[in-house]
Amino acid sequence: MENLDRGDFRELPSATAGKFQQLQGAGTFASVRIPGADPDVQLDAGVFVPQGAGPHPVVVLPAPLAPTGWRSYPGMLANFAIRGYLAVAYSERGLAESTGKIDVAGPRDRADGSAVIDWILENHADRVNPDQIAFAGSSYGAGQSLIIAAHDDRVKAIAAQSAWADLARSLYENETRHLAAFEALAALFGEDRLSDEARQIFEEFRANKNIKNLLDFGAIRSPISYVERLNARRVPIFLGTYWHETIFSVPAVVEFFNQLTGPRRLLVQIGNHGGDEILGFLGGWSRPTATTFRWLDHHLQGKDNGIGQDGNVHTEYMHNLFDLRKSNDWQSYVQPTRRFYLDQPRNGSTDGALASRPATGWTTTIQAGVDTPAHVAEQLVQTGVLERLGAPAIYDTASISRRDAAVWVTEPLVQQSQLTGNVRLHLTVRPSVATATIVAHLFDVDPGRAKGKIITSAPFTLLNDREGEARAIDIQLQPADYRIAAGHQLALVIDTRDRLFGDATVDGSQVEFASPDGAASYLELPLADLPDAE
């Protein structure tokens with residue numbers, strides 16, 4: 001942002017430089033320090049004040065979790081300024097150049113958000129409209145925006161890109177620690193800057209101790225905990241997420257969206273955390289940032305831009321970036337489910353079948369402890385970025401050891417099909433020891449090449465009271481919107497280890513899967529045939 005003060009744009013990306021050149025003469029920019037809610041907290045911030053008497057609408061942008069802090073938003077800040085907003089971007093306490101200890105979106109962070117509003121109204125009272133204040137952010141800044149708005153009635157609209165709804169479920173899903181995501185977040189925070197409470201929680205979670213403390217810590221820091229507060233004021237909320245998000249829980253974001261009763265918009269895209277909005281941060285066009293501008297223009301300023309008439313659920317289906325599907329709500333968007341029953345191998349195959357009728361009385365056993373090539377993702381975030389660029393990960397499904405993974409496949413699909421909505425797996429599992437982690441993956445497989453692409457996945461950890469205990473479990477996999485070509489097969493692959501998770505699997509043990517009489521195991525899929533023309 002120093003380039004704006006100097007008028008020197010040579011080192012900036014062309015999209016950002018163009019926006020900044022438009023800003024010259026449109027207003028004034030300054031880097032400032034804003035007092036936080038506590039005496040030791042000074043928030044590093046950037047403020048753009050438009051020319052003219054106003055009153056101007058206000059947008060506040062809490063930073064994503066990045067070393068650059070609020071400076072991650074140069075293009076967004078510029079675009080808001082060009083649109084006539086008084087725009088303030090700030091780094092949360094303990095991040096980048098802000099002082100204080102990191103609270104991880106806790107009570108002190110939300111108090112800081114209110115302090116930023118106080119500062120704006122005290123220092124620019126003659127230029128702003130106090131009834132037109134919005135918060136917008138990505139990732140860490142998205143969750144902060146939602147939580148601050150739930151506790152400060154002055155916030156009238158929210159745009160949350162790469163949002164989280166339930167922090168605890170994002171880090172601890174089905175009794176399984178998302179250790180890779182946790183370690184990535186911990187590294188970005190810088191553990192020496194954490195509050196004492198946060199540091200203790202991090203240490204305990206890493207050691208797999210006192211998980212209840214994490215759940216309590218996470219509940220306070222989860223927007224879904226405050227949905228009644230947001231609904232009471234009918235705050236307009238835009239949420240953005242990704243089908244293959246590996247940082248935050250997508251099912252929790254969908255659940256949060258479904259509970260909202262005010263104006264709402266859900267955008268789900270191909271890829272992983274932050275994959276599309278990054279270009280928008282730099283001043284270019286991206287679907288999440290373009291939606292953010294339209295959302296706030298309409299709900300803050302009352303502009304008739306049509307955003308309230310084109311559906312509340314917008315999705316890209318894998319792998320088509322350009323065909324945006326629009327629906328009124330999640331219920332009308334998803335397709336009816338079909339059950340595919342897990343059955344034993346047929347006709348000499350080594351793989352079990354996904355059949356149309358219940359099949360019971362069989363068992364199959366795998367060895368536990370091997371991370372097979374059936375990975376949820378090769379890398380956090382980066383794998384999803386490549387997917388968004390048209391290079392989804394390709395899996396050699398033939399190389400997945402049937403000793404270390406259980407596999408069930410459908411017959412080749414007769415017609416092109418669309419899988420849209422929630423995916424659920426019900427099965428009976430019996431580890432030979434007391435604990436085990438299983439990871440379920442659903443693949444789209446070209447049988448002629450034995451190559452597949454991942455559709456969805458989820459982990460589940462069994463923490464039984466005794467060895468050899470059988471349990472019937474239900475696993476909610478991440479929702480999906482995926483088009484499968486005619487002739488392809490769907491493959492369910494279950495193994496016992498993945499690089500993204502902290503597991504409870506015991507090396508050398510075994511895991512048995514079964515379909516007992518009267519309790520058939522099945523995979524529930526929202527799958528429908530498509531007309532040939534589509």
# chains A, B, ... in the order shown; residues from 1 in each chain; ligands from 1
$ residues_around --residues "Glu228 in chain A" --least-positions-apart "6" --cutoff "10 Å" --atoms "only C-alpha atoms" --output "PyMOL selection string"
chain A and resi 150+234+259-261
$ write_last_selection --atoms "all heavy atoms" --output "PDB file, in the first residue's frame"
ATOM      1  N   ALA A 150     -21.934 -11.007  14.915  1.00  0.00           N
ATOM      2  CA  ALA A 150     -22.904 -11.620  15.827  1.00  0.00           C
ATOM      3  C   ALA A 150     -22.962 -10.893  17.169  1.00  0.00           C
ATOM      4  O   ALA A 150     -23.966 -10.983  17.878  1.00  0.00           O
ATOM      5  CB  ALA A 150     -22.561 -13.089  16.044  1.00  0.00           C
ATOM      6  N   ARG A 234     -31.453 -10.703  11.264  1.00  0.00           N
ATOM      7  CA  ARG A 234     -31.526 -11.002   9.828  1.00  0.00           C
ATOM      8  C   ARG A 234     -30.355 -10.367   9.066  1.00  0.00           C
ATOM      9  O   ARG A 234     -30.536  -9.711   8.027  1.00  0.00           O
ATOM     10  CB  ARG A 234     -32.862 -10.558   9.241  1.00  0.00           C
ATOM     11  CG  ARG A 234     -34.052 -11.371   9.738  1.00  0.00           C
ATOM     12  CD  ARG A 234     -35.369 -10.930   9.118  1.00  0.00           C
ATOM     13  NE  ARG A 234     -35.323 -10.915   7.656  1.00  0.00           N
ATOM     14  CZ  ARG A 234     -35.461 -11.982   6.882  1.00  0.00           C
ATOM     15  NH1 ARG A 234     -35.639 -13.177   7.432  1.00  0.00           N
ATOM     16  NH2 ARG A 234     -35.406 -11.872   5.564  1.00  0.00           N
ATOM     17  N   GLN A 259     -29.167 -22.989   8.453  1.00  0.00           N
ATOM     18  CA  GLN A 259     -29.800 -22.457   9.659  1.00  0.00           C
ATOM     19  C   GLN A 259     -30.077 -20.956   9.581  1.00  0.00           C
ATOM     20  O   GLN A 259     -30.828 -20.420  10.396  1.00  0.00           O
ATOM     21  CB  GLN A 259     -28.929 -22.751  10.886  1.00  0.00           C
ATOM     22  CG  GLN A 259     -28.861 -24.218  11.253  1.00  0.00           C
ATOM     23  CD  GLN A 259     -28.013 -24.462  12.481  1.00  0.00           C
ATOM     24  OE1 GLN A 259     -27.791 -23.566  13.303  1.00  0.00           O
ATOM     25  NE2 GLN A 259     -27.508 -25.685  12.630  1.00  0.00           N
ATOM     26  N   LEU A 260     -29.479 -20.274   8.615  1.00  0.00           N
ATOM     27  CA  LEU A 260     -29.673 -18.829   8.500  1.00  0.00           C
ATOM     28  C   LEU A 260     -31.077 -18.522   7.991  1.00  0.00           C
ATOM     29  O   LEU A 260     -31.571 -19.184   7.072  1.00  0.00           O
ATOM     30  CB  LEU A 260     -28.634 -18.225   7.548  1.00  0.00           C
ATOM     31  CG  LEU A 260     -27.170 -18.293   8.010  1.00  0.00           C
ATOM     32  CD1 LEU A 260     -26.246 -17.817   6.905  1.00  0.00           C
ATOM     33  CD2 LEU A 260     -26.968 -17.477   9.286  1.00  0.00           C
ATOM     34  N   THR A 261     -31.706 -17.502   8.563  1.00  0.00           N
ATOM     35  CA  THR A 261     -33.060 -17.131   8.155  1.00  0.00           C
ATOM     36  C   THR A 261     -33.118 -15.758   7.492  1.00  0.00           C
ATOM     37  O   THR A 261     -34.157 -15.370   6.967  1.00  0.00           O
ATOM     38  CB  THR A 261     -34.004 -17.140   9.371  1.00  0.00           C
ATOM     39  OG1 THR A 261     -33.500 -16.253  10.379  1.00  0.00           O
ATOM     40  CG2 THR A 261     -34.127 -18.545   9.945  1.00  0.00           C
TER      41      THR A 261
END
$ select_by_dssp --residues "range 99-210 of chain A" --states "alpha helix (DSSP H)" --output "count of residues only"
56
$ closest_atom_pairs --of "range 416-476 of chain A" --to "range 318-321 of chain A" --cutoff "10 Å" --atoms "only C-alpha atoms" --output "CSV"
residue,atom,partner,partner_atom,distance
A:Gln418,CA,A:Met318,CA,9.9
A:Leu419,CA,A:Met318,CA,9.8
A:Ile455,CA,A:Met318,CA,8.4
$ select_by_dssp --residues "range 239-373 of chain A" --states "strand (DSSP E)" --output "MDAnalysis selection string"
chainID A and resid 239:242 264:269 313:317 320:327 338:343 352:355 362:367
$ atom_distance --atom1 "CA of Arg265 in chain A" --atom2 "CA of His299 in chain A"
11.8 Å
$ residues_around --residues "Ala434 in chain A" --least-positions-apart "3" --cutoff "12 Å" --atoms "only C-alpha atoms" --output "list in words"
Val429, Arg430, Pro431, Thr437, Thr461, Leu462, Leu463, Asn464, Asp465, Arg466, Glu467, Gly468, Glu469, Ala470, Arg471, Ala504, Thr505, Val506, Ser509, Gln510 and Val511 of chain A
$ decode --residues "range 96-191 of chain A" --atoms "C-alpha atoms" --output "compact mmCIF listing (two decimals), in the first residue's frame"
# COMPACT_ATOMS: atom_id res chain seq x y z
CA ALA A 96 1.81 -9.21 11.12
CA GLU A 97 2.67 -5.83 12.69
CA SER A 98 -0.19 -5.74 15.22
CA THR A 99 0.74 -6.06 18.89
CA GLY A 100 -0.83 -8.26 21.54
CA LYS A 101 -1.23 -12.00 21.84
CA ILE A 102 -3.20 -14.07 19.32
CA ASP A 103 -6.68 -14.97 20.55
CA VAL A 104 -7.68 -17.18 17.58
CA ALA A 105 -10.99 -15.39 16.93
CA GLY A 106 -11.86 -15.39 20.61
CA PRO A 107 -13.57 -12.79 22.82
CA ARG A 108 -10.64 -10.33 22.68
CA ASP A 109 -10.57 -10.46 18.87
CA ARG A 110 -14.26 -9.67 18.63
CA ALA A 111 -13.76 -6.82 21.11
CA ASP A 112 -11.00 -5.53 18.81
CA GLY A 113 -13.44 -5.62 15.89
CA SER A 114 -15.81 -3.38 17.83
CA ALA A 115 -12.88 -1.12 18.74
CA VAL A 116 -12.14 -0.68 15.04
CA ILE A 117 -15.73 0.44 14.46
CA ASP A 118 -15.43 2.84 17.41
CA TRP A 119 -12.25 4.31 15.91
CA ILE A 120 -13.87 4.81 12.51
CA LEU A 121 -16.88 6.57 14.01
CA GLU A 122 -14.72 8.75 16.25
CA ASN A 123 -12.20 9.76 13.58
CA HIS A 124 -14.48 9.99 10.54
CA ALA A 125 -17.86 10.80 12.04
CA ASP A 126 -18.56 13.48 9.44
CA ARG A 127 -17.74 11.20 6.49
CA VAL A 128 -19.46 7.89 7.21
CA ASN A 129 -22.96 6.51 7.55
CA PRO A 130 -23.09 4.63 10.90
CA ASP A 131 -26.02 2.59 9.59
CA GLN A 132 -24.00 1.27 6.64
CA ILE A 133 -21.17 -0.78 8.16
CA ALA A 134 -20.13 -4.17 6.76
CA PHE A 135 -17.40 -6.69 7.50
CA ALA A 136 -15.72 -8.72 4.75
CA GLY A 137 -12.83 -11.14 4.92
CA SER A 138 -11.28 -14.39 3.80
CA SER A 139 -10.29 -17.44 5.87
CA TYR A 140 -9.28 -16.16 9.34
CA GLY A 141 -10.84 -12.83 8.43
CA ALA A 142 -14.06 -14.56 7.34
CA GLY A 143 -14.65 -16.24 10.68
CA GLN A 144 -13.67 -13.06 12.51
CA SER A 145 -16.21 -11.10 10.46
CA LEU A 146 -19.05 -13.49 11.27
CA ILE A 147 -18.29 -13.62 15.00
CA ILE A 148 -17.80 -9.86 15.34
CA ALA A 149 -21.07 -9.21 13.51
CA ALA A 150 -22.90 -11.62 15.83
CA HIS A 151 -21.81 -9.52 18.81
CA ASP A 152 -21.95 -5.97 17.42
CA ASP A 153 -25.32 -4.73 16.17
CA ARG A 154 -23.64 -1.98 14.14
CA VAL A 155 -22.54 -4.53 11.52
CA LYS A 156 -25.28 -4.68 8.91
CA ALA A 157 -23.88 -7.15 6.32
CA ILE A 158 -21.13 -9.77 5.99
CA ALA A 159 -19.12 -11.35 3.18
CA ALA A 160 -17.08 -14.36 4.30
CA GLN A 161 -14.85 -16.06 1.72
CA SER A 162 -13.18 -19.44 2.47
CA ALA A 163 -15.30 -19.32 5.59
CA TRP A 164 -15.43 -21.54 8.61
CA ALA A 165 -18.56 -22.26 10.61
CA ASP A 166 -17.38 -24.74 13.25
CA LEU A 167 -13.73 -24.51 14.27
CA ALA A 168 -13.86 -27.59 16.49
CA ARG A 169 -15.34 -29.79 13.75
CA SER A 170 -12.76 -28.45 11.31
CA LEU A 171 -9.93 -29.67 13.54
CA TYR A 172 -11.60 -32.71 15.10
CA GLU A 173 -13.94 -34.53 12.71
CA ASN A 174 -15.49 -37.85 13.70
CA GLU A 175 -13.01 -38.18 16.59
CA THR A 176 -10.16 -37.62 14.13
CA ARG A 177 -7.57 -34.87 14.43
CA HIS A 178 -6.94 -32.84 11.27
CA LEU A 179 -3.27 -32.55 12.14
CA ALA A 180 -1.96 -31.29 8.79
CA ALA A 181 -4.43 -28.40 8.77
CA PHE A 182 -3.71 -27.70 12.44
CA GLU A 183 0.06 -27.60 11.92
CA ALA A 184 -0.33 -25.32 8.90
CA LEU A 185 -2.45 -22.90 10.93
CA ALA A 186 -0.07 -23.10 13.90
CA ALA A 187 2.90 -22.25 11.66
CA LEU A 188 1.10 -19.23 10.22
CA PHE A 189 0.10 -17.97 13.66
CA GLY A 190 3.61 -18.29 15.09
CA GLU A 191 3.23 -20.09 18.40
